[in-house]
$ cat structure-v9.pdb   # PDB, C-alpha atoms
ATOM      1  CA  MET A   1     112.042 125.886  53.429
ATOM      2  CA  THR A   2     110.072 125.125  50.359
ATOM      3  CA  GLU A   3     107.378 122.667  50.846
ATOM      4  CA  GLU A   4     106.990 119.994  48.243
ATOM      5  CA  THR A   5     103.587 119.674  46.780
ATOM      6  CA  PRO A   6     102.256 116.223  47.487
ATOM      7  CA  GLY A   7     101.868 114.073  44.368
ATOM      8  CA  PHE A   8     104.203 116.166  42.264
ATOM      9  CA  GLU A   9     107.134 114.373  40.627
ATOM     10  CA  GLU A  10     110.071 116.103  39.041
ATOM     11  CA  LYS A  11     110.530 115.441  35.336
ATOM     12  CA  PRO A  12     113.697 115.870  33.361
ATOM     13  CA  ASP A  13     114.190 119.111  31.651
ATOM     14  CA  VAL A  14     112.814 119.042  28.147
ATOM     15  CA  PRO A  15     113.990 121.571  25.632
ATOM     16  CA  SER A  16     111.408 123.870  24.298
ATOM     17  CA  GLY A  17     109.641 122.387  21.331
ATOM     18  CA  ALA A  18     110.497 118.803  22.310
ATOM     19  CA  THR A  19     107.981 116.222  23.343
ATOM     20  CA  PRO A  20     108.279 113.967  26.366
ATOM     21  CA  ASP A  21     108.777 110.938  24.027
ATOM     22  CA  ASP A  22     111.980 112.484  22.728
ATOM     23  CA  ALA A  23     113.323 112.764  26.220
ATOM     24  CA  GLU A  24     112.515 109.116  26.968
ATOM     25  CA  SER A  25     114.241 107.931  23.731
ATOM     26  CA  LYS A  26     117.381 109.781  24.695
ATOM     27  CA  ALA A  27     117.357 108.418  28.169
ATOM     28  CA  ALA A  28     116.933 104.751  27.044
ATOM     29  CA  PRO A  29     119.960 102.904  25.438
ATOM     30  CA  GLN A  30     119.752 102.364  21.687
ATOM     31  CA  GLU A  31     118.780  98.856  20.629
ATOM     32  CA  GLY A  32     121.349  96.849  18.559
ATOM     33  CA  ALA A  33     124.375  98.860  19.663
ATOM     34  CA  ALA A  34     127.342  96.510  20.353
ATOM     35  CA  PRO A  35     129.054  96.820  23.689
ATOM     36  CA  ALA A  36     132.516  98.323  23.580
ATOM     37  CA  GLY A  37     134.204  94.996  24.549
ATOM     38  CA  ASP A  38     132.852  92.873  21.618
ATOM     39  CA  GLY A  39     135.530  94.038  19.130
ATOM     40  CA  ALA A  40     138.371  92.927  21.383
ATOM     41  CA  ALA A  41     136.671  89.553  21.925
ATOM     42  CA  ASP A  42     136.375  88.973  18.174
ATOM     43  CA  ALA A  43     140.067  89.798  17.658
ATOM     44  CA  GLY A  44     140.979  87.289  20.356
ATOM     45  CA  LEU A  45     138.895  84.562  18.712
ATOM     46  CA  VAL A  46     140.560  85.221  15.339
ATOM     47  CA  ALA A  47     143.994  84.977  16.936
ATOM     48  CA  GLN A  48     143.064  81.689  18.612
ATOM     49  CA  LEU A  49     141.717  80.347  15.309
ATOM     50  CA  ASP A  50     144.993  81.221  13.562
ATOM     51  CA  GLN A  51     146.931  79.407  16.275
ATOM     52  CA  VAL A  52     144.734  76.324  15.889
ATOM     53  CA  ARG A  53     145.207  76.338  12.109
ATOM     54  CA  THR A  54     148.974  76.662  12.486
ATOM     55  CA  ALA A  55     149.087  73.772  14.973
ATOM     56  CA  LEU A  56     146.900  71.654  12.668
ATOM     57  CA  GLY A  57     149.222  72.325   9.714
ATOM     58  CA  GLU A  58     152.262  71.322  11.784
ATOM     59  CA  ARG A  59     150.589  68.118  12.968
ATOM     60  CA  THR A  60     149.557  67.303   9.380
ATOM     61  CA  MET A  61     153.143  67.747   8.173
ATOM     62  CA  ASP A  62     154.389  65.537  11.013
ATOM     63  CA  LEU A  63     151.875  62.855  10.068
ATOM     64  CA  GLN A  64     152.875  63.001   6.375
ATOM     65  CA  ARG A  65     156.552  62.777   7.275
ATOM     66  CA  LEU A  66     155.888  59.822   9.584
ATOM     67  CA  GLN A  67     153.900  58.064   6.859
ATOM     68  CA  ALA A  68     156.713  58.598   4.323
ATOM     69  CA  GLU A  69     159.270  57.213   6.786
ATOM     70  CA  TYR A  70     157.059  54.175   7.384
ATOM     71  CA  GLN A  71     156.715  53.525   3.645
ATOM     72  CA  ASN A  72     160.496  53.774   3.228
ATOM     73  CA  TYR A  73     160.943  51.394   6.145
ATOM     74  CA  ARG A  74     158.554  48.859   4.574
ATOM     75  CA  ARG A  75     160.344  49.035   1.214
ATOM     76  CA  ARG A  76     163.721  48.636   2.908
ATOM     77  CA  VAL A  77     162.525  45.637   4.914
ATOM     78  CA  GLU A  78     161.054  44.016   1.780
ATOM     79  CA  ARG A  79     164.275  44.626  -0.157
ATOM     80  CA  ASP A  80     166.365  43.185   2.668
ATOM     81  CA  ARG A  81     164.047  40.174   2.885
ATOM     82  CA  ILE A  82     164.480  39.453  -0.831
ATOM     83  CA  THR A  83     168.249  39.899  -0.567
ATOM     84  CA  VAL A  84     168.482  37.523   2.389
ATOM     85  CA  LYS A  85     166.388  34.964   0.516
ATOM     86  CA  GLU A  86     168.608  35.204  -2.587
ATOM     87  CA  ILE A  87     171.753  34.796  -0.479
ATOM     88  CA  ALA A  88     170.296  31.773   1.310
ATOM     89  CA  VAL A  89     169.317  30.128  -2.002
ATOM     90  CA  ALA A  90     172.733  30.898  -3.508
ATOM     91  CA  ASN A  91     174.518  29.397  -0.495
ATOM     92  CA  LEU A  92     172.389  26.254  -0.671
ATOM     93  CA  LEU A  93     172.936  25.776  -4.399
ATOM     94  CA  THR A  94     176.650  26.439  -4.045
ATOM     95  CA  GLU A  95     176.853  23.525  -1.629
ATOM     96  CA  LEU A  96     175.069  21.329  -4.205
ATOM     97  CA  LEU A  97     177.438  22.137  -7.077
ATOM     98  CA  PRO A  98     179.858  19.252  -6.326
ATOM     99  CA  VAL A  99     176.900  16.850  -6.410
ATOM    100  CA  LEU A 100     175.789  18.272  -9.751
ATOM    101  CA  ASP A 101     179.359  17.884 -11.039
ATOM    102  CA  ASP A 102     179.316  14.213 -10.061
ATOM    103  CA  ILE A 103     175.998  13.769 -11.842
ATOM    104  CA  GLY A 104     177.434  15.385 -14.961
ATOM    105  CA  ARG A 105     180.491  13.141 -14.961
ATOM    106  CA  ALA A 106     178.327  10.061 -14.436
ATOM    107  CA  ARG A 107     176.195  11.091 -17.408
ATOM    108  CA  GLU A 108     179.276  11.546 -19.608
ATOM    109  CA  HIS A 109     180.498   8.060 -18.725
ATOM    110  CA  GLY A 110     177.114   6.413 -19.205
ATOM    111  CA  GLU A 111     176.760   5.592 -15.524
ATOM    112  CA  LEU A 112     173.570   7.570 -14.977
ATOM    113  CA  VAL A 113     171.110   4.641 -14.998
ATOM    114  CA  GLY A 114     168.333   3.143 -12.919
ATOM    115  CA  GLY A 115     167.209   4.757  -9.698
ATOM    116  CA  PHE A 116     170.311   6.930  -9.582
ATOM    117  CA  LYS A 117     169.241   8.552 -12.859
ATOM    118  CA  SER A 118     165.759   9.314 -11.508
ATOM    119  CA  VAL A 119     167.127  10.887  -8.316
ATOM    120  CA  ALA A 120     169.724  12.884 -10.253
ATOM    121  CA  GLU A 121     167.174  14.270 -12.677
ATOM    122  CA  SER A 122     164.853  15.198  -9.814
ATOM    123  CA  LEU A 123     167.681  17.070  -8.110
ATOM    124  CA  GLU A 124     168.542  18.934 -11.304
ATOM    125  CA  THR A 125     164.875  19.869 -11.770
ATOM    126  CA  VAL A 126     164.603  21.276  -8.243
ATOM    127  CA  ALA A 127     167.822  23.245  -8.698
ATOM    128  CA  ALA A 128     166.508  24.702 -11.957
ATOM    129  CA  LYS A 129     163.232  25.726 -10.278
ATOM    130  CA  MET A 130     165.276  27.591  -7.672
ATOM    131  CA  GLY A 131     166.854  29.629 -10.476
ATOM    132  CA  LEU A 132     170.110  27.738 -11.072
ATOM    133  CA  GLN A 133     171.363  28.010 -14.662
ATOM    134  CA  GLN A 134     174.314  26.201 -16.196
ATOM    135  CA  PHE A 135     176.533  27.895 -18.776
ATOM    136  CA  GLY A 136     179.709  27.284 -20.718
ATOM    137  CA  LYS A 137     179.989  25.842 -24.242
ATOM    138  CA  GLU A 138     182.866  24.862 -26.439
ATOM    139  CA  GLY A 139     183.631  27.339 -29.177
ATOM    140  CA  GLU A 140     182.334  30.452 -27.421
ATOM    141  CA  PRO A 141     184.666  33.439 -26.979
ATOM    142  CA  PHE A 142     186.569  33.560 -23.713
ATOM    143  CA  ASP A 143     185.086  36.066 -21.246
ATOM    144  CA  PRO A 144     187.151  36.570 -18.086
ATOM    145  CA  THR A 145     184.052  37.730 -16.175
ATOM    146  CA  ILE A 146     182.360  34.332 -16.474
ATOM    147  CA  HIS A 147     185.190  31.985 -17.515
ATOM    148  CA  GLU A 148     188.217  30.739 -15.606
ATOM    149  CA  ALA A 149     191.010  29.517 -17.872
ATOM    150  CA  LEU A 150     192.762  26.445 -16.465
ATOM    151  CA  MET A 151     194.583  25.426 -19.648
ATOM    152  CA  HIS A 152     196.061  27.503 -22.460
ATOM    153  CA  SER A 153     197.208  26.668 -25.955
ATOM    154  CA  TYR A 154     197.537  28.058 -29.494
ATOM    155  CA  ALA A 155     195.458  27.016 -32.468
ATOM    156  CA  PRO A 156     195.719  28.083 -36.112
ATOM    157  CA  ASP A 157     191.982  27.865 -36.701
ATOM    158  CA  VAL A 158     190.839  30.472 -34.148
ATOM    159  CA  THR A 159     190.793  34.214 -34.632
ATOM    160  CA  GLU A 160     190.335  35.167 -30.972
ATOM    161  CA  THR A 161     190.795  33.620 -27.545
ATOM    162  CA  THR A 162     188.260  30.798 -27.561
ATOM    163  CA  CYS A 163     186.990  28.192 -25.109
ATOM    164  CA  VAL A 164     187.980  24.905 -26.732
ATOM    165  CA  ALA A 165     187.016  22.624 -23.818
ATOM    166  CA  ILE A 166     184.696  22.938 -20.821
ATOM    167  CA  LEU A 167     186.446  21.343 -17.880
ATOM    168  CA  GLN A 168     183.739  22.297 -15.395
ATOM    169  CA  PRO A 169     180.484  24.091 -16.235
ATOM    170  CA  GLY A 170     179.660  27.430 -14.691
ATOM    171  CA  TYR A 171     176.496  28.267 -12.783
ATOM    172  CA  ARG A 172     174.538  31.449 -12.236
ATOM    173  CA  ILE A 173     171.352  32.582 -10.519
ATOM    174  CA  GLY A 174     169.753  35.300 -12.569
ATOM    175  CA  GLU A 175     172.536  37.743 -13.366
ATOM    176  CA  ARG A 176     174.677  36.602 -10.432
ATOM    177  CA  THR A 177     177.480  34.159 -11.217
ATOM    178  CA  ILE A 178     178.049  31.754  -8.344
ATOM    179  CA  ARG A 179     180.798  29.802 -10.115
ATOM    180  CA  PRO A 180     182.648  30.638 -13.336
ATOM    181  CA  ALA A 181     182.984  28.036 -16.049
ATOM    182  CA  ARG A 182     186.436  26.436 -15.893
ATOM    183  CA  VAL A 183     187.713  26.045 -19.408
ATOM    184  CA  ALA A 184     190.678  25.352 -21.662
ATOM    185  CA  VAL A 185     191.338  28.221 -24.029
ATOM    186  CA  ALA A 186     193.195  28.552 -27.293
ATOM    187  CA  GLU A 187     194.654  31.691 -28.811
ATOM    188  CA  PRO A 188     195.482  32.340 -32.462
ATOM    189  CA  GLN A 189     198.826  30.880 -33.509
ATOM    190  CA  PRO A 190     201.481  33.619 -33.503
ATOM    191  CA  GLY A 191     202.083  34.679 -37.119
ATOM    192  CA  ALA A 192     199.131  32.650 -38.384
ATOM    193  CA  GLN A 193     197.077  35.769 -39.010
ATOM    194  CA  THR A 194     199.880  37.324 -41.057
ATOM    195  CA  VAL A 195     200.239  34.189 -43.156
ATOM    196  CA  LYS A 196     196.490  34.101 -43.765
ATOM    197  CA  GLU A 197     196.463  37.733 -44.839
ATOM    198  CA  GLU A 198     199.376  37.158 -47.247
ATOM    199  CA  SER A 199     197.668  34.082 -48.672
ATOM    200  CA  ALA A 200     194.453  36.028 -49.151
ATOM    201  CA  GLU A 201     196.314  38.834 -50.924
ATOM    202  CA  ALA A 202     198.081  36.337 -53.203
ATOM    203  CA  ALA A 203     194.760  34.737 -54.074
ATOM    204  CA  ASP A 204     193.292  38.107 -54.914
ATOM    205  CA  ASP A 205     196.252  38.954 -57.135
ATOM    206  CA  LYS A 206     195.931  35.665 -58.952
ATOM    207  CA  GLU A 207     192.231  36.239 -59.591
ATOM    208  CA  ASN A 208     192.974  39.727 -60.906
ATOM    209  CA  GLY A 209     195.694  38.515 -63.323
ATOM    210  CA  GLY A 210     198.690  39.200 -61.165
ATOM    211  CA  PRO A 211     200.181  42.436 -59.958
ATOM    212  CA  ASP A 212     199.999  45.466 -62.272
ATOM    213  CA  GLU A 213     203.065  45.900 -64.457
ATOM    214  CA  GLY A 214     204.733  49.310 -64.775
TER     215      GLY A 214
END
$ encode --input "structure-v9.pdb" --output "structure tokens"
Amino acid sequence: MTEETPGFEEKPDVPSGATPDDAESKAAPQEGAAPAGDGAADAGLVAQLDQVRTALGERTMDLQRLQAEYQNYRRRVERDRITVKEIAVANLLTELLPVLDDIGRAREHGELVGGFKSVAESLETVAAKMGLQQFGKEGEPFDPTIHEALMHSYAPDVTETTCVAILQPGYRIGERTIRPARVAVAEPQPGAQTVKEESAEAADDKENGGPDEG
């Protein structure tokens, strides 16, 4: 057996021409070299970040959609509230129309005097503030959308169907008619238009010296 010399330590083989420092630099790990598993870790973090961004985009879209639905709900509730209010006011004023008719008749007969006159005028003022408007005048053309003809006659001095008497005034709130005006109408006398045209032609001929002679 070979006896080991005390105090002698084996050193790694060093190629000829190389220094011991070169051997130590090869044996030690290089500084700054990334471990093999770091690349996979970075890819996993990127994938997780993409998932988080996708989830955030979905939640943002859900929130925007919910906000739009809420705004539509608020507008619908406000519109319904206004509609309900208009219907309630129209129903109330419709119930007051007979009272307003009585006030109108009393005024026509000169009976609207004293305290009754003051109360009646106050009631008419309140109704007007609530949007009630009266319509219907003698001499205006008959319109079946706002007039209700209760009486009919012919008249030679009208050229179209005309309201010749207002039997009961009509009322509206804004553009909504709550009661048509009840009227008596007159139509042109049958044949009256032809007679007028012939008379006008005769007058023209007379002014021009009579009809042209052949």
$ resolve_selection --input "structure-v9.pdb" --expression "the PyMOL selection byres ((chain A and resi 111-128) around 12)" --output "PyMOL selection string"
chain A and resi 89-90+92-97+99-110+129-134+171-174
$ residues_around --input "structure-v9.pdb" --residues "stretch 146-154 of chain A" --least-positions-apart "3" --cutoff "12 Å" --atoms "all atoms listed in the file" --output "ChimeraX atom specification"
/A:134-138,140-143,157-172,175-192
$ atom_distance --input "structure-v9.pdb" --atom1 "atom CA of A:Ala43" --atom2 "atom CA of A:Met61"
27.3 Å
$ decode --input "structure-v9.pdb" --residues "stretch 48-82 of chain A" --atoms "N, CA, C and O atoms" --output "compact mmCIF listing (two decimals), in the first residue's frame"
# COMPACT_ATOMS: atom_id res chain seq x y z
N GLN A 48 -50.85 34.89 -15.34
CA GLN A 48 -51.73 35.33 -14.26
C GLN A 48 -52.15 36.79 -14.46
O GLN A 48 -53.29 37.16 -14.21
N LEU A 49 -51.21 37.62 -14.91
CA LEU A 49 -51.52 39.03 -15.14
C LEU A 49 -52.57 39.17 -16.25
O LEU A 49 -53.49 39.99 -16.14
N ASP A 50 -52.44 38.39 -17.30
CA ASP A 50 -53.44 38.42 -18.38
C ASP A 50 -54.82 38.00 -17.87
O ASP A 50 -55.84 38.59 -18.25
N GLN A 51 -54.86 37.00 -17.02
CA GLN A 51 -56.13 36.56 -16.45
C GLN A 51 -56.76 37.66 -15.60
O GLN A 51 -57.97 37.90 -15.65
N VAL A 52 -55.92 38.35 -14.81
CA VAL A 52 -56.43 39.43 -13.97
C VAL A 52 -56.97 40.57 -14.83
O VAL A 52 -58.02 41.15 -14.55
N ARG A 53 -56.26 40.92 -15.90
CA ARG A 53 -56.73 41.97 -16.79
C ARG A 53 -58.05 41.59 -17.46
O ARG A 53 -58.95 42.42 -17.60
N THR A 54 -58.16 40.35 -17.88
CA THR A 54 -59.41 39.89 -18.50
C THR A 54 -60.57 39.97 -17.51
O THR A 54 -61.67 40.45 -17.84
N ALA A 55 -60.33 39.50 -16.28
CA ALA A 55 -61.39 39.56 -15.26
C ALA A 55 -61.77 41.00 -14.95
O ALA A 55 -62.95 41.33 -14.77
N LEU A 56 -60.77 41.90 -14.90
CA LEU A 56 -61.05 43.31 -14.63
C LEU A 56 -61.89 43.93 -15.75
O LEU A 56 -62.82 44.69 -15.49
N GLY A 57 -61.56 43.60 -17.01
CA GLY A 57 -62.36 44.10 -18.13
C GLY A 57 -63.80 43.61 -18.07
O GLY A 57 -64.74 44.38 -18.34
N GLU A 58 -64.00 42.35 -17.71
CA GLU A 58 -65.36 41.81 -17.61
C GLU A 58 -66.13 42.50 -16.49
O GLU A 58 -67.32 42.85 -16.67
N ARG A 59 -65.47 42.70 -15.34
CA ARG A 59 -66.16 43.37 -14.23
C ARG A 59 -66.48 44.82 -14.59
O ARG A 59 -67.53 45.34 -14.20
N THR A 60 -65.58 45.48 -15.33
CA THR A 60 -65.84 46.86 -15.75
C THR A 60 -67.05 46.93 -16.68
O THR A 60 -67.91 47.81 -16.55
N MET A 61 -67.13 45.99 -17.62
CA MET A 61 -68.28 45.95 -18.53
C MET A 61 -69.58 45.68 -17.76
O MET A 61 -70.62 46.27 -18.05
N ASP A 62 -69.51 44.79 -16.78
CA ASP A 62 -70.70 44.51 -15.96
C ASP A 62 -71.14 45.77 -15.21
O ASP A 62 -72.34 46.07 -15.12
N LEU A 63 -70.16 46.49 -14.67
CA LEU A 63 -70.49 47.71 -13.93
C LEU A 63 -71.11 48.76 -14.85
O LEU A 63 -72.09 49.43 -14.48
N GLN A 64 -70.56 48.93 -16.06
CA GLN A 64 -71.11 49.89 -17.02
C GLN A 64 -72.52 49.50 -17.42
O GLN A 64 -73.41 50.36 -17.54
N ARG A 65 -72.75 48.22 -17.66
CA ARG A 65 -74.08 47.76 -18.03
C ARG A 65 -75.07 47.98 -16.89
O ARG A 65 -76.22 48.42 -17.11
N LEU A 66 -74.63 47.71 -15.66
CA LEU A 66 -75.51 47.93 -14.50
C LEU A 66 -75.84 49.41 -14.34
O LEU A 66 -76.98 49.78 -14.03
N GLN A 67 -74.85 50.27 -14.56
CA GLN A 67 -75.08 51.71 -14.45
C GLN A 67 -76.06 52.19 -15.52
O GLN A 67 -76.94 53.02 -15.25
N ALA A 68 -75.93 51.68 -16.75
CA ALA A 68 -76.86 52.06 -17.82
C ALA A 68 -78.28 51.59 -17.50
O ALA A 68 -79.25 52.33 -17.72
N GLU A 69 -78.42 50.38 -16.96
CA GLU A 69 -79.74 49.89 -16.59
C GLU A 69 -80.35 50.75 -15.48
O GLU A 69 -81.56 51.01 -15.48
N TYR A 70 -79.51 51.18 -14.54
CA TYR A 70 -80.01 52.02 -13.45
C TYR A 70 -80.48 53.37 -13.98
O TYR A 70 -81.53 53.88 -13.55
N GLN A 71 -79.71 53.97 -14.90
CA GLN A 71 -80.12 55.24 -15.49
C GLN A 71 -81.43 55.09 -16.25
O GLN A 71 -82.31 55.96 -16.17
N ASN A 72 -81.58 54.01 -17.01
CA ASN A 72 -82.84 53.77 -17.72
C ASN A 72 -84.00 53.59 -16.73
O ASN A 72 -85.12 54.07 -16.98
N TYR A 73 -83.73 52.91 -15.64
CA TYR A 73 -84.76 52.71 -14.62
C TYR A 73 -85.19 54.05 -14.02
O TYR A 73 -86.39 54.31 -13.86
N ARG A 74 -84.21 54.93 -13.72
CA ARG A 74 -84.54 56.24 -13.16
C ARG A 74 -85.38 57.07 -14.13
O ARG A 74 -86.36 57.70 -13.73
N ARG A 75 -84.99 57.06 -15.42
CA ARG A 75 -85.75 57.81 -16.41
C ARG A 75 -87.17 57.25 -16.55
O ARG A 75 -88.14 58.02 -16.67
N ARG A 76 -87.30 55.94 -16.51
CA ARG A 76 -88.62 55.33 -16.64
C ARG A 76 -89.49 55.66 -15.44
O ARG A 76 -90.69 55.97 -15.58
N VAL A 77 -88.90 55.63 -14.25
CA VAL A 77 -89.66 55.97 -13.04
C VAL A 77 -90.10 57.44 -13.09
O VAL A 77 -91.24 57.77 -12.73
N GLU A 78 -89.20 58.33 -13.52
CA GLU A 78 -89.54 59.75 -13.59
C GLU A 78 -90.64 59.99 -14.62
O GLU A 78 -91.57 60.77 -14.39
N ARG A 79 -90.55 59.31 -15.77
CA ARG A 79 -91.58 59.44 -16.79
C ARG A 79 -92.93 58.93 -16.29
O ARG A 79 -93.97 59.56 -16.52
N ASP A 80 -92.90 57.79 -15.60
CA ASP A 80 -94.15 57.24 -15.06
C ASP A 80 -94.72 58.18 -13.99
O ASP A 80 -95.95 58.32 -13.90
N ARG A 81 -93.84 58.78 -13.19
CA ARG A 81 -94.32 59.69 -12.15
C ARG A 81 -95.03 60.89 -12.76
O ARG A 81 -96.09 61.30 -12.30
N ILE A 82 -94.44 61.44 -13.83
CA ILE A 82 -95.06 62.59 -14.50
C ILE A 82 -96.39 62.18 -15.13
O ILE A 82 -97.38 62.92 -15.05
